[in-house]
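Following: one structure in structure tokens, then a few remarks.
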There are 2 protein chains.
Amino acid sequence: MKKLEENSFDPRYINKFASLMTVGNGYFGLRASHEENYVNQTRGMYVAGIYNKATVNEPSDLVNLPDVAGMNIELDGEVFSLLTGEILSYKRQLNLENGELRRDILWKSRTGSRFRLTFQRFAAKNDRHVLATKLTVTSLDKPAQMKIVTGIDAQQTNFGRQHLIEEKVRVAEGDLLQGTYKTTESGHTIAIATCCTGSVKGEMSHTAKNRQLLSAINQNLLADTPFVLEKMSVIFTSLDGDLRGESPEEATEAVLRSCSAVGYDALLHKSAGEWAQFWMEKRIKVASTRDFDQLAIDFSLYQLEVMTPAHDERFSVGAKGLTGEGYKGHVFWDTEIFITPFHLYTEPEKARKLLRYRYLRLKQALDKAATNGYEGALFPWESAFTGEEETPEFAAINIKTGKRQKVASALAEHHIVADIAYTVVKYYQNTWDDWFMKKEGLELLKETSRFWISRAVEENDQLVIKDVIGPDEYTEHIDNNAFTNYMAWYNVEQALFFMDKYGDDDRQLKDRGHEFLKRLYLPKANDDKIIPQDDTFLSKPEIDLSRYKQAQGSQGILMDYSRQEVNEMQILKQADVVMLLYLLPDVFPSDIIYENLRYYEEHTIHDSSLSKAIHAIVAARAGEIEKAYEFFQESCLIDLGPNPQSSDEGLHAASLGAIWMAAMFGFANVSIKNQRLSLDPKLPSGWSELAFPLIFQGSRLHIALTHNQAVITKVSGDDVCIELNGTEFLVSDKFAMDLH
Amino acid sequence: MKKLEENSFDPRYINKFASLMTVGNGYFGLRASHEENYVNQTRGMYVAGIYNKATVNEPSDLVNLPDVAGMNIELDGEVFSLLTGEILSYKRQLNLENGELRRDILWKSRTGSRFRLTFQRFAAKNDRHVLATKLTVTSLDKPAQMKIVTGIDAQQTNFGRQHLIEEKVRVAEGDLLQGTYKTTESGHTIAIATCCTGSVKGEMSHTAKNRQLLSAINQNLLADTPFVLEKMSVIFTSLDGDLRGESPEEATEAVLRSCSAVGYDALLHKSAGEWAQFWMEKRIKVASTRDFDQLAIDFSLYQLEVMTPAHDERFSVGAKGLTGEGYKGHVFWDTEIFITPFHLYTEPEKARKLLRYRYLRLKQALDKAATNGYEGALFPWESAFTGEEETPEFAAINIKTGKRQKVASALAEHHIVADIAYTVVKYYQNTWDDWFMKKEGLELLKETSRFWISRAVEENDQLVIKDVIGPDEYTEHIDNNAFTNYMAWYNVEQALFFMDKYGDDDRQLKDRGHEFLKRLYLPKANDDKIIPQDDTFLSKPEIDLSRYKQAQGSQGILMDYSRQEVNEMQILKQADVVMLLYLLPDVFPSDIIYENLRYYEEHTIHDSSLSKAIHAIVAARAGEIEKAYEFFQESCLIDLGPNPQSSDEGLHAASLGAIWMAAMFGFANVSIKNQRLSLDPKLPSGWSELAFPLIFQGSRLHIALTHNQAVITKVSGDDVCIELNGTEFLVSDKFAMDLH
């Protein structure tokens with residue numbers, strides 16, 4: 001498996017690579033900031049679920065925890081930094097196969113001494129509380145004096161917002177540093193313990209000052225003799241379900257002692273074993289003329305695994321996973337629409353856990369609806385631990401007025417309600433999980449339906465949904481957004497279906513639901529076959545967007561126009577009608593799909609990372625395969641592309657899920673039709689093979705597609721009925737079929 | 001006047017020089033951090049009186065305010081940093097004469113282009129809300145593209161503790177950036193406005209994100225043509241007494257507009273005028289064989305002026321002035337004993353204001369006494385805005401046990417009560433200010449006396465004062481600390497004197513006071529003429545301290561011994577009995593003074609910055625002039641010496657006051673005896689002249705001393721009676737007397 005590599009040190013990319021090369025395990029994520037400090041380098045370590053409000057009126061942040069990765073290294077009195085001295089060689093690799101990050105440097109100090117430094121780290125996959133790091137230093141030319149200062153640095157903030165009270169710091173048994181911290185508002189306790197063990201015992205001393213608990217290690221280096229320092233760190237929080245009666249503090253100490261005894265290499269071996277299992281069960285393989293495609297897909301899967309807190313249903317996936325502080329670590333529709341599908345088709349229990357995150361916060365959604373004058377459940381546009389609305393009040397500054405602009409999403413971006421319901425249905429369609437569906441899934445469907453029924457208003461003898469924001473966030477406060485109306489309709493329709501299925505006889509809801517389905521206005525295609533995005537969109541003026549499309553992702557248009565001005569033109573940030581075509585493909589005939597894809601793509605800047613891969617899927621399904629492949633390639637560059645600042649505040653989690661989706665739902669064209677798994681492959685010409693594992697209705701399959709053949713293997717479980725290019729087959733073992 | 005200079009860029013000294021070269025005006029202080037960022041560079045801007053508790057259980061911090069000095073400068077796409085490219089020349093100068101900091105750099109970028117950059121800044125002395133900065137950039141070799149990003153950065157914290165809510169940010173009229181912040185606990189509002197104006201208009205855009213409100217300026221530089229950017233910033237807070245009915249926000253905008261219109265050079269001219277007045281009225285001039293003496297004294301006076309918030313009696317001087325966050329900006333006895341004397345003898349109204357700071361917090365001192373079971377006023381060991389006790393609970397970590405050690409000062413370092421009373425008396429002795437003394441001064445004397453009376457306990461038919469910490473903080477929890485007992489006695493004695501003077505007939509207090517004076521145990525010199533520092537000190541073992549004395553100021557002894565172990569040996573951190581000899585010189589005969597100075601100095605490491613200059617004074621008065629001069633020289637090195645880390649967290653404000661004191665109370669040997677000004681000069685052999693202005697009883701004098709002559713000039717005010725080397729004279733004009 002190809003590694004993700006950085007082959008030279010360029011400070012402009014420092015935060016991008018810090019996000020890209022995050023190590024983690026769903027419990028915590030550690031940005032790949034360098035051990036040594038650099039100006040503008042943003043360190044970050046996050047534990048899923050640990051949020052806090054810095055002050056009462058701010059939304060919650062995913063808390064940037066005290067840092068244990070930083071090290072100040074002095075070699076013969078000179079501080080090690082890649083900005084000084086000379087870099088004779090540099091290579092950094094994130095080994096996706098085993099989750100290890102490694103950096104090899106040959107460095108010449110300003111005084112001319114050469115040192116070889118290797119930094120290694122990984123987040124243990126077999127023991128989620130453990131971060132293991134290792135430093136190997138060799139003085140190549142002569143003996144040298146080394147001083148390392150490292151420990152636990154609680155000066156970390158979220159861009160200046162401090163979330164933690166330093167409750168206690170101590171040094172135990174002369175070498176174990178331990179800090180206990182408490183979030184100021186949410187009241188979670190975080191205990192961190194860390195310990196350095198070295199191949200040679202130097203002099204060690206400790207200091208505790210200004211929120212830093214540090215060990216200083218003085219070490220004589222012999223010439224050409226590697227010195228090895230291992231630093232293990234362990235994190236527990238008061239939210240942990242595996243404390244077994246211990247305090248977080250006690251737990252860290254016990255686990256740390258056992259890790260330090262095992263040592264870095266042996267720990268890595270164990271963790272790598274779990275990663276091997278992961279790849280065996282989930283990897284998509286492509287034989288492409290471009291090696292980068294495979295790397296991009298592997299990278300997506302690695303990150304999807306690292307970002308998902310599968311250990312605890314009270315947490316979900318933030319918009320940047322555990323890789324940065326963008327969007328404050330909040331949970332959006334991204335989770336259901338972009339991230340859950342991967343889990344649903346590879347490890348459906350994880351998809352259920354993510355849905356249960358919503359179920360466990362149904363009360364807050366009911367409250368939000370009530371507060372806003374609606375019935376049922378209005379899930380927050382942005383959610384964190386409590387499930388209350390967390391959308392910030394203000395966004396960027398208006399370049400014309402100089403005022404900060406209010407964020408309207410919390411008040412109007414209501415489609416998230418239907419997105420969650422949609423995913424509940426998709427979950428059931430794959431798993432037939434009646435245990436979940438009968439109570440929790442159905443309750444979610446019913447309460448979301450109640451919301452839509454109360455949300456619609458009467459106008460001209462129809463029901464309409466007014467003043468919403470659809471997926472396209474460049475068009476705000478509009479009426480009858482096609483996406484929203486159709487998804488609301490689907491939401492209510494499915495609720496009624498499952499109510500019937502499980503014999504739910506809530507007469508009133510049923511009556512109101514049927515009335516809603518009958519009378520809800522669903523925008524139809526006009527004479528040009530275009531489905532109007534909303535009531536006024538198609539009557540707005542158009543401008544030439546090519547300049548902005550070239551700089552897509554930068555939101556450059558907001559430097560030339562205010563949001564209000566953008567709102568009054570036919571400009572899309574991202575897929576909106578196209579998103580609808582993706583989610584509800586069977587509702588529209590193929591000519592409508594084709595025309596709308598063409599029309600709306602022309603008006604879309606793709607300033608949202610959620611856009612390109614969805615276009616890839618819809619294009620592939622529409623038979624525009626090479627166009628789809630272009631979209632796919634571009635979507636792979638959202639994080640992995642050359643823009644040095646694209647991912648400073650974290651990776652685009654949804655877009656990573658969408659890369660998997662594009663391969664699966666676009667090029668393999670997997671779907672569920674009439675309770676059967678359907679495949680209708682649309683392989684790009686550059687791909688000679690696309691192979692992947694998949695779970696459907698509890699059975700584990702392996703599917704290998706070429707341009708000429710499909711080979712489907714049942715790995716375990718019951719026989720599965722499959723529809724391949726329109727023909728049905730029962731897969732009970734291995735099954736090959738020529739295509740075309 | 002010699003400037004304070006830094007002649008090369010050495011990152012190890014970055015925070016020391018940031019403290020040393022602070023610009024300020026008593027209202028605010030701005031550390032001399034470079035405009036460009038460096039790893040480990042601690043930026044800081046502080047407004048006197050703006051404190052906040054980051055969390056309920058922490059003591060208040062002097063809040064590190066949003067930064068306006070930082071600038072990211074790109075030249076032809078390369079970020080300007082002195083760590084990259086090549087420094088062809090570097091000079092930084094703090095012009096003590098006019099308060100301007102200037103940095104001149106000739107820099108070659110990595111691509112070989114040469115640029116000349118000059119950075120200038122000052123805090124306006126004539127308008128305390130104004131910080132003016134100026135940048136001049138010249139591309140020497142060819143036209144170049146420059147990008148500057150600067151604005152208001154509210155990511156600043158106090159070592160990770162965030163104190164401010166970002167309440168509002170905006171851009172007004174296309175160029176004025178304004179941020180309004182509120183302290184989280186104390187509820188103060190701080191408004192900052194800033195604006196860039198340039199010699200050539202480039203393209204400017206603004207962003208507001210992550211607590212940063214920034215302008216980006218793109219500018220084409222012509223070859224060899226200076227580009228000038230002026231950036232004016234204005235700060236107002238809700239504590240300001242000069243808001244004239246405006247909000248802080250409104251006030252910043254109005255003042256900023258007028259400053260920007262005036263421009264940097266004209267503003268500097270006005271401010272420099274006020275500095276010229278300062279130096280004329282307060283400068284000490286020495287003709288020394290070592291130029292450094294004059295610089296050290298000038299520097300002290302500059303900093304004493306910059307650190308003192310003379311504009312508002314609700315504020316006092318923090319232990320680091322406005323130069324850093326050491327001791328969290330808290331107010332100690334340093335203010336009364338080390339800083340007030342300079343003001344008292346040069347501008348007595350400022351001394352009164354500092355005493356009124358205590359008077360305005362008398363209630364909190366009464367409360368603290370009551371809470372601790374005492375009567376009267378127990379002033380907090382560390383004080384901030386509210387006047388409540390602010391001493392942190394914990395200090396450094398115990399190297400043996402790994403536990404943080406509790407700070408006992410709040411519970412036992414009670415001598416501050418007498419120190420304040422002492423300074424009230426000294427204030428009156430100079431000023432004869434009955435207006436202050438009759439009510440407020442007397443109330444302070446009475447309540448502090450009440451404290452001591454209640455603090456003493458009966459033992460062996462005497463009154464004793466048990467379990468205190470004297471000035472020597474290496475000796476804790478001892479009984480009958482000589483310093484404390486004598487100072488308490490003096491406190492009560494003076495209270496009774498002023499009660500009589502003003503006809504206060506509080507019979508009960510008088511009776512109790514006289515009883516206290518009669519019965520309080522005052523440690524007497526033993527057969528070796530040594531006054532025991534406390535009941536047990538002289539019986540403790542001694543060790544060889546030479547090793548620690550060599551590394552004085554580093555507290556290196558705590559690396560070898562725990563505090564508890566140090567406590568059980570004859571080891572002083574700082575002057576204790578010697579401090580008593582300084583404050584109450586007339587109580588002890590000269591042989592006792594001589595012997596105690598010798599004995600205790602031998603046992604003193606001088607790990608406190610409060611120690612050396614006091615030894616200089618006592619030694620000078622005892623006729624040990626050359627020894628005194630050595631102490632003086634060493635005390636000048638506390639901040640200005642070669643130790644790169646000595647002043648990272650701010651300057652030693654008290655020690656700066658003590659440098660002035662050593663010159664005045666040591667070498668000029670000024671004192672007040674029998675209501676008369678007394679001089680008994682003790683000039684070091686290396687000083688041929690010592691001249692200084694002085695205010696006594698409202699009259700302004702100028703005194704010039706050589707080894708042979710004293711020339712005393714009355715500049716204004718009533719005739720003054722002076723005692724010179726024991727002889728009395730009435731000074732009505734100019735008066736010269738040969739010495740010896």
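By convention in this document, the chains of the structure tokens carry letters A, B, ... by their order, each chain's residues are numbered from 1, and ligands are numbered from 1 in the order they are shown.
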
- Would you list which chain A residues are within 6 Å of chain B using only C-alpha atoms, as a PyMOL selection string? chain A and resi 38-39+155+159-162+170-172+208+210+396-397+402-403

- Message: I'd like the contact shell of Asn643 (chain B) - 10 Å cut-off, only C-alpha atoms, skipping same-chain residues fewer than 3 positions apart - returned as an MDAnalysis selection string.
- Response: chainID B and resid 12:13 16 553:554 637:640 646:647

- Message: At a cut-off of 9 Å, using only C-alpha atoms, what residues contact Asp291 (chain A)? Leave out same-chain residues fewer than 5 positions from it and give the result as a ChimeraX atom specification.
- Response: /A:2,286,296

- Task: Please identify all polymer residues within 8 Å of Ser716 (chain A), counting only C-alpha atoms, omitting same-chain residues fewer than 2 positions from it, and present them as an MDAnalysis selection string.
- Result: chainID A and resid 699:701 714 718

- Task: Work out how far CA of Leu117 (chain B) is from CA of Lys91 (chain B), in Å to one decimal.
- Result: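 Taking CA of Lys91 (chain B) as the start and CA of Leu117 (chain B) as the end point, the length is 10.8 Å.
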
- Residue neighbourhood His414 (chain B), 10 Å, only C-alpha atoms, exclusion window fewer than 6 positions, as number ranges by chain: B: 378-381, 451-452, 455, 467-471, 484, 488

- Task: May I ask which of the residues A:Ala18, A:Leu106, A:Leu94, A:Met232 is the closest one to Ile152 (chain A), counting only C-alpha atoms?
- Result: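 Ranking A:Ala18, A:Leu106, A:Leu94, A:Met232 by distance to Ile152 (chain A), first place goes to A:Met232.
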
- Message: Please identify the alpha helix (DSSP H) residues within region 60-281 of chain A (assignment by DSSP from backbone atoms) and present them as a ChimeraX atom specification.
- Response: /A:248-262,264-281
